[in-house]
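Novice: Shown below is the structure under consideration.
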Amino acid sequence: IQMTQSPSTLSASVGDKVTITCRASLSPSSWLAWYQQKPGKAPKLLIYKASTLESGVPSRFSGSGSGTEFSLTISSLQPDDFAVYYCQQYNSYWTFGQGTKVEIK
Amino acid sequence: QVQLVESGGGVVQPGGSLRLSCAASGFTFSRYGMHWVRQAPGKGLEWVAFIRYDGSNKEYGDSVKGRFTISRDNSKNTVYLQMNSLRVEDAAVYHCVRDQGTYSAFDAFDHWGQGTLLTVSS
């Protein structure tokens with residue numbers, strides 16, 4: 001299953017609502033996760049099963065979608081949220097999207 | 001707390017071999033599937049290999065199949081990645097990663113090590 005994220009780069013300001021989209025070549029059912037990665041750090045799990053928030057992750061993060069289209073939304077962008085975000089399907093082996101960089105506008 | 005500490009990275013010539021290790025602590029290692037995920041400099045994440053909690057099943061990404069071998073020693077809480085016939089394009093940071101759930105088939109990744117760097121160059 002191939003995963004395609006859009007956009008590749010997103011410029012936004014603190015307080016903005018941002019949405020990242022992930023499209024799958026085949027439906028992964030709900031077996032879809034989102035990760036955040038900051039420079040020089042390991043990725044961090046944010047969302048699993050398409051919409052379930054990992055323990056400790058702020059509630060401004062949310063996931064939605066079904067079939068082949070999924071999204072990650074940050075309701076009010078905070079300074080700590082500038083990072084690269086990856087989607088991943090884990091229905092059939094494991095495949096990541098190419099990443100979306102959220103940068104300061 | 002869960003800790004995954006990779007070691008064994010370094011500089012290898014094309015065609016060479018290297019073995020990576022990942023020492024796990026803070027959880028019951030024998031209950032979790034483990035993975036290796038790599039990230040080339042400035043690039044995205046690529047899943048490399050998986051081993052079931054008991055070692056009975058192993059899976060590999062297409063780019064490493066036939067060259068890399070994943071294994072584990074549950075008595076030592078350690079997972080390994082033997083890498084043979086290395087290519088320039090294998091250069092990356094290699095992360096050791098844990099499945100989110102116990103005894104899982106396919107699962108998300110809830111804990112990641114900081115990674116170990118492999119450089120492939122003549």
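Residue numbering restarts at 1 for every chain of the structure tokens, chains are lettered A, B, ... in their displayed order, and ligands are numbered from 1 as they appear.
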Name the residues in contact with stretch 24-26 of chain B at a cut-off of 10 Å, using only C-alpha atoms, excluding same-chain residues fewer than 5 positions from it; report them as a short mmCIF file (atom, residue, chain, number, x, y, z; two decimals) with N, CA and C atoms, in the first residue's frame.

Specialist:
```
data_model
loop_
_atom_site.label_atom_id
_atom_site.label_comp_id
_atom_site.auth_asym_id
_atom_site.auth_seq_id
_atom_site.Cartn_x
_atom_site.Cartn_y
_atom_site.Cartn_z
N GLN B 1 10.94 3.07 32.59
CA GLN B 1 10.34 3.51 31.34
C GLN B 1 10.97 2.73 30.18
N VAL B 2 10.25 2.67 29.09
CA VAL B 2 10.73 1.94 27.91
C VAL B 2 11.98 2.62 27.36
N GLN B 3 13.00 1.81 27.13
CA GLN B 3 14.22 2.31 26.48
C GLN B 3 14.64 1.36 25.40
N LEU B 4 15.02 1.91 24.27
CA LEU B 4 15.56 1.16 23.16
C LEU B 4 16.87 1.84 22.76
N VAL B 5 17.96 1.12 22.87
CA VAL B 5 19.28 1.72 22.63
C VAL B 5 19.99 0.93 21.54
N GLU B 6 20.17 1.58 20.41
CA GLU B 6 20.82 0.94 19.27
C GLU B 6 22.34 1.12 19.35
N ASN B 74 15.49 -13.21 23.21
CA ASN B 74 14.61 -12.77 24.29
C ASN B 74 15.25 -12.93 25.67
N LYS B 76 18.22 -11.99 26.26
CA LYS B 76 19.10 -10.82 26.40
C LYS B 76 18.35 -9.52 26.11
N ASN B 77 17.06 -9.60 25.85
CA ASN B 77 16.25 -8.42 25.53
C ASN B 77 16.88 -7.59 24.41
N THR B 78 17.28 -8.28 23.38
CA THR B 78 18.02 -7.62 22.30
C THR B 78 17.49 -8.08 20.94
N VAL B 79 17.41 -7.12 20.04
CA VAL B 79 17.06 -7.43 18.64
C VAL B 79 18.25 -7.00 17.78
N CYS B 96 15.50 1.32 16.07
CA CYS B 96 14.83 0.15 16.63
C CYS B 96 13.48 0.63 17.16
N VAL B 97 12.43 -0.13 16.86
CA VAL B 97 11.07 0.33 17.14
C VAL B 97 10.24 -0.80 17.72
N ARG B 98 9.38 -0.47 18.66
CA ARG B 98 8.51 -1.46 19.29
C ARG B 98 7.08 -1.36 18.79
N GLY B 113 13.88 3.98 19.33
CA GLY B 113 15.21 4.34 19.80
C GLY B 113 15.71 5.57 19.05
#
```

Novice: I need the residues of chain A that end up classed as strand (DSSP E) by DSSP on the backbone, written out as a ChimeraX atom specification.

Specialist: /A:3-6,9-12,18-24,32-37,44-48,52-53,61-66,69-74,84-89,95-96,100-104

Novice: Excluding same-chain residues fewer than 4 positions from B:Arg72, what lies within 10 Å of it counting only C-alpha atoms, as a PyMOL selection string?

Specialist: chain B and resi 21-22+29-30+33-34+51-55+76-81

Novice: Can I get the residues of chain B within 12 Å of chain A, each with the closest pair of atoms and their distance in Å to one decimal, using only C-alpha atoms, sorted chain first then ascending number, as a Markdown table?

Specialist:
```
| residue | atom | partner | partner_atom | distance |
| --- | --- | --- | --- | --- |
| B:Leu4 | CA | A:Ala42 | CA | 11.1 |
| B:Val5 | CA | A:Ala42 | CA | 11.8 |
| B:His35 | CA | A:Trp94 | CA | 10.1 |
| B:Trp36 | CA | A:Trp94 | CA | 11.2 |
| B:Val37 | CA | A:Trp94 | CA | 9.9 |
| B:Arg38 | CA | A:Ala42 | CA | 10.6 |
| B:Gln39 | CA | A:Ala42 | CA | 10.0 |
| B:Pro41 | CA | A:Gly40 | CA | 10.5 |
| B:Gly42 | CA | A:Pro39 | CA | 9.8 |
| B:Lys43 | CA | A:Gln98 | CA | 8.1 |
| B:Gly44 | CA | A:Gln98 | CA | 5.6 |
| B:Leu45 | CA | A:Phe96 | CA | 6.4 |
| B:Glu46 | CA | A:Phe96 | CA | 6.7 |
| B:Trp47 | CA | A:Trp94 | CA | 6.4 |
| B:Val48 | CA | A:Trp94 | CA | 9.1 |
| B:Ala49 | CA | A:Trp94 | CA | 9.5 |
| B:Phe50 | CA | A:Tyr93 | CA | 9.0 |
| B:Ile51 | CA | A:Tyr93 | CA | 11.7 |
| B:Lys58 | CA | A:Tyr93 | CA | 11.1 |
| B:Glu59 | CA | A:Tyr93 | CA | 8.1 |
| B:Tyr60 | CA | A:Tyr93 | CA | 9.0 |
| B:Gly61 | CA | A:Tyr93 | CA | 8.7 |
| B:Asp62 | CA | A:Tyr93 | CA | 11.1 |
| B:Val93 | CA | A:Ala42 | CA | 10.0 |
| B:Tyr94 | CA | A:Ala42 | CA | 10.3 |
| B:His95 | CA | A:Ala42 | CA | 7.8 |
| B:Cys96 | CA | A:Ala42 | CA | 9.9 |
| B:Val97 | CA | A:Ala42 | CA | 9.8 |
| B:Arg98 | CA | A:Leu45 | CA | 11.3 |
| B:Asp99 | CA | A:Tyr90 | CA | 10.7 |
| B:Gln100 | CA | A:Tyr48 | CA | 9.4 |
| B:Gly101 | CA | A:Tyr48 | CA | 11.5 |
| B:Ser104 | CA | A:Tyr90 | CA | 11.2 |
| B:Ala105 | CA | A:Tyr93 | CA | 9.2 |
| B:Phe106 | CA | A:Tyr90 | CA | 5.7 |
| B:Asp107 | CA | A:Tyr90 | CA | 5.9 |
| B:Ala108 | CA | A:Ala33 | CA | 6.4 |
| B:Phe109 | CA | A:Leu45 | CA | 6.8 |
| B:Asp110 | CA | A:Leu45 | CA | 5.7 |
| B:His111 | CA | A:Lys44 | CA | 7.5 |
| B:Trp112 | CA | A:Ala42 | CA | 6.2 |
| B:Gly113 | CA | A:Ala42 | CA | 6.7 |
| B:Gln114 | CA | A:Ala42 | CA | 5.4 |
| B:Gly115 | CA | A:Ala42 | CA | 7.5 |
| B:Thr116 | CA | A:Ala42 | CA | 11.1 |
| B:Leu117 | CA | A:Gly40 | CA | 11.9 |
```

Novice: Could you jot down the atom CA of A:Leu26 to atom CA of A:Pro7 separation for me, Å, one decimal place?

Specialist: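 Distance between the two atoms: 19.7 Å.
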
Novice: Taking 2 positions as the minimum chain separation for residues in the same chain, which residues sit within 12 Å of A:Ser59 when counting only C-alpha atoms? Answer as number ranges by chain.

Specialist: A: 46-47, 51-57, 61-63, 73-77

Novice: If you keep N, CA and C atoms, can you produce a file of those selected residues as an mmCIF file, in the first residue's frame?

Specialist:
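After the write, part13.cif holds the following:
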```cif
data_model
loop_
_atom_site.group_PDB
_atom_site.id
_atom_site.type_symbol
_atom_site.label_atom_id
_atom_site.label_comp_id
_atom_site.auth_asym_id
_atom_site.auth_seq_id
_atom_site.Cartn_x
_atom_site.Cartn_y
_atom_site.Cartn_z
ATOM 1 N N LEU A 46 1.505 9.974 17.509
ATOM 2 C CA LEU A 46 0.465 10.929 17.910
ATOM 3 C C LEU A 46 -0.921 10.291 17.913
ATOM 4 N N ILE A 47 -1.239 9.630 16.817
ATOM 5 C CA ILE A 47 -2.580 9.102 16.555
ATOM 6 C C ILE A 47 -2.428 7.681 16.047
ATOM 7 N N SER A 51 -7.913 7.641 14.436
ATOM 8 C CA SER A 51 -8.460 8.775 15.177
ATOM 9 C C SER A 51 -8.241 8.710 16.689
ATOM 10 N N THR A 52 -7.519 7.711 17.169
ATOM 11 C CA THR A 52 -7.301 7.561 18.606
ATOM 12 C C THR A 52 -6.032 8.285 19.026
ATOM 13 N N LEU A 53 -6.168 9.173 19.975
ATOM 14 C CA LEU A 53 -5.040 9.971 20.450
ATOM 15 C C LEU A 53 -4.165 9.134 21.380
ATOM 16 N N GLU A 54 -2.891 9.099 21.107
ATOM 17 C CA GLU A 54 -1.944 8.405 21.991
ATOM 18 C C GLU A 54 -1.911 9.115 23.334
ATOM 19 N N SER A 55 -1.723 8.357 24.383
ATOM 20 C CA SER A 55 -1.641 8.913 25.727
ATOM 21 C C SER A 55 -0.582 10.017 25.807
ATOM 22 N N GLY A 56 -0.969 11.135 26.420
ATOM 23 C CA GLY A 56 -0.027 12.227 26.609
ATOM 24 C C GLY A 56 0.034 13.232 25.476
ATOM 25 N N VAL A 57 -0.620 12.930 24.368
ATOM 26 C CA VAL A 57 -0.603 13.845 23.218
ATOM 27 C C VAL A 57 -1.688 14.907 23.422
ATOM 28 N N PHE A 61 -4.471 17.939 18.723
ATOM 29 C CA PHE A 61 -4.234 17.010 17.617
ATOM 30 C C PHE A 61 -5.444 16.094 17.464
ATOM 31 N N SER A 62 -5.869 15.910 16.223
ATOM 32 C CA SER A 62 -6.952 14.961 15.971
ATOM 33 C C SER A 62 -6.743 14.310 14.615
ATOM 34 N N GLY A 63 -7.258 13.092 14.503
ATOM 35 C CA GLY A 63 -7.173 12.357 13.252
ATOM 36 C C GLY A 63 -8.552 11.946 12.797
ATOM 37 N N THR A 73 -5.315 16.910 11.914
ATOM 38 C CA THR A 73 -5.617 18.320 12.127
ATOM 39 C C THR A 73 -5.018 18.783 13.445
ATOM 40 N N ILE A 74 -4.400 19.945 13.404
ATOM 41 C CA ILE A 74 -3.944 20.622 14.624
ATOM 42 C C ILE A 74 -4.844 21.841 14.767
ATOM 43 N N SER A 75 -5.613 21.891 15.825
ATOM 44 C CA SER A 75 -6.678 22.894 15.921
ATOM 45 C C SER A 75 -6.134 24.314 16.133
ATOM 46 N N SER A 76 -5.052 24.427 16.878
ATOM 47 C CA SER A 76 -4.440 25.731 17.129
ATOM 48 C C SER A 76 -2.935 25.511 17.255
ATOM 49 N N LEU A 77 -2.218 25.813 16.210
ATOM 50 C CA LEU A 77 -0.797 25.494 16.119
ATOM 51 C C LEU A 77 0.002 26.185 17.226
#
```

Novice: Residues near A:Ser64, anyone? I mean within 7 Å using only C-alpha atoms, not counting same-chain ones fewer than 4 positions away, as a list in words.

Specialist: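 My reading of the contact set: Ala50, Ser51, Phe70, Ser71 and Leu72 of chain A.
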
Novice: Quick one: write out the picked residues with N, CA, C and O atoms as a PDB file, in the first residue's frame?

Specialist:
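Result written to result-v9.pdb:
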```pdb
ATOM      1  N   ALA A  50      -6.436   5.548  13.148  1.00  0.00           N
ATOM      2  CA  ALA A  50      -6.964   6.691  12.387  1.00  0.00           C
ATOM      3  C   ALA A  50      -7.358   7.894  13.234  1.00  0.00           C
ATOM      4  O   ALA A  50      -7.148   9.040  12.812  1.00  0.00           O
ATOM      5  N   SER A  51      -7.913   7.641  14.436  1.00  0.00           N
ATOM      6  CA  SER A  51      -8.460   8.775  15.177  1.00  0.00           C
ATOM      7  C   SER A  51      -8.241   8.710  16.689  1.00  0.00           C
ATOM      8  O   SER A  51      -8.748   9.568  17.410  1.00  0.00           O
ATOM      9  N   PHE A  70      -7.293  10.137   4.670  1.00  0.00           N
ATOM     10  CA  PHE A  70      -7.186  10.407   6.100  1.00  0.00           C
ATOM     11  C   PHE A  70      -6.577  11.796   6.302  1.00  0.00           C
ATOM     12  O   PHE A  70      -5.925  12.333   5.410  1.00  0.00           O
ATOM     13  N   SER A  71      -6.799  12.349   7.480  1.00  0.00           N
ATOM     14  CA  SER A  71      -6.235  13.664   7.759  1.00  0.00           C
ATOM     15  C   SER A  71      -5.825  13.789   9.216  1.00  0.00           C
ATOM     16  O   SER A  71      -6.385  13.137  10.101  1.00  0.00           O
ATOM     17  N   LEU A  72      -4.818  14.615   9.411  1.00  0.00           N
ATOM     18  CA  LEU A  72      -4.364  15.017  10.743  1.00  0.00           C
ATOM     19  C   LEU A  72      -4.629  16.520  10.856  1.00  0.00           C
ATOM     20  O   LEU A  72      -4.220  17.283   9.976  1.00  0.00           O
TER      21      LEU A  72
END
```
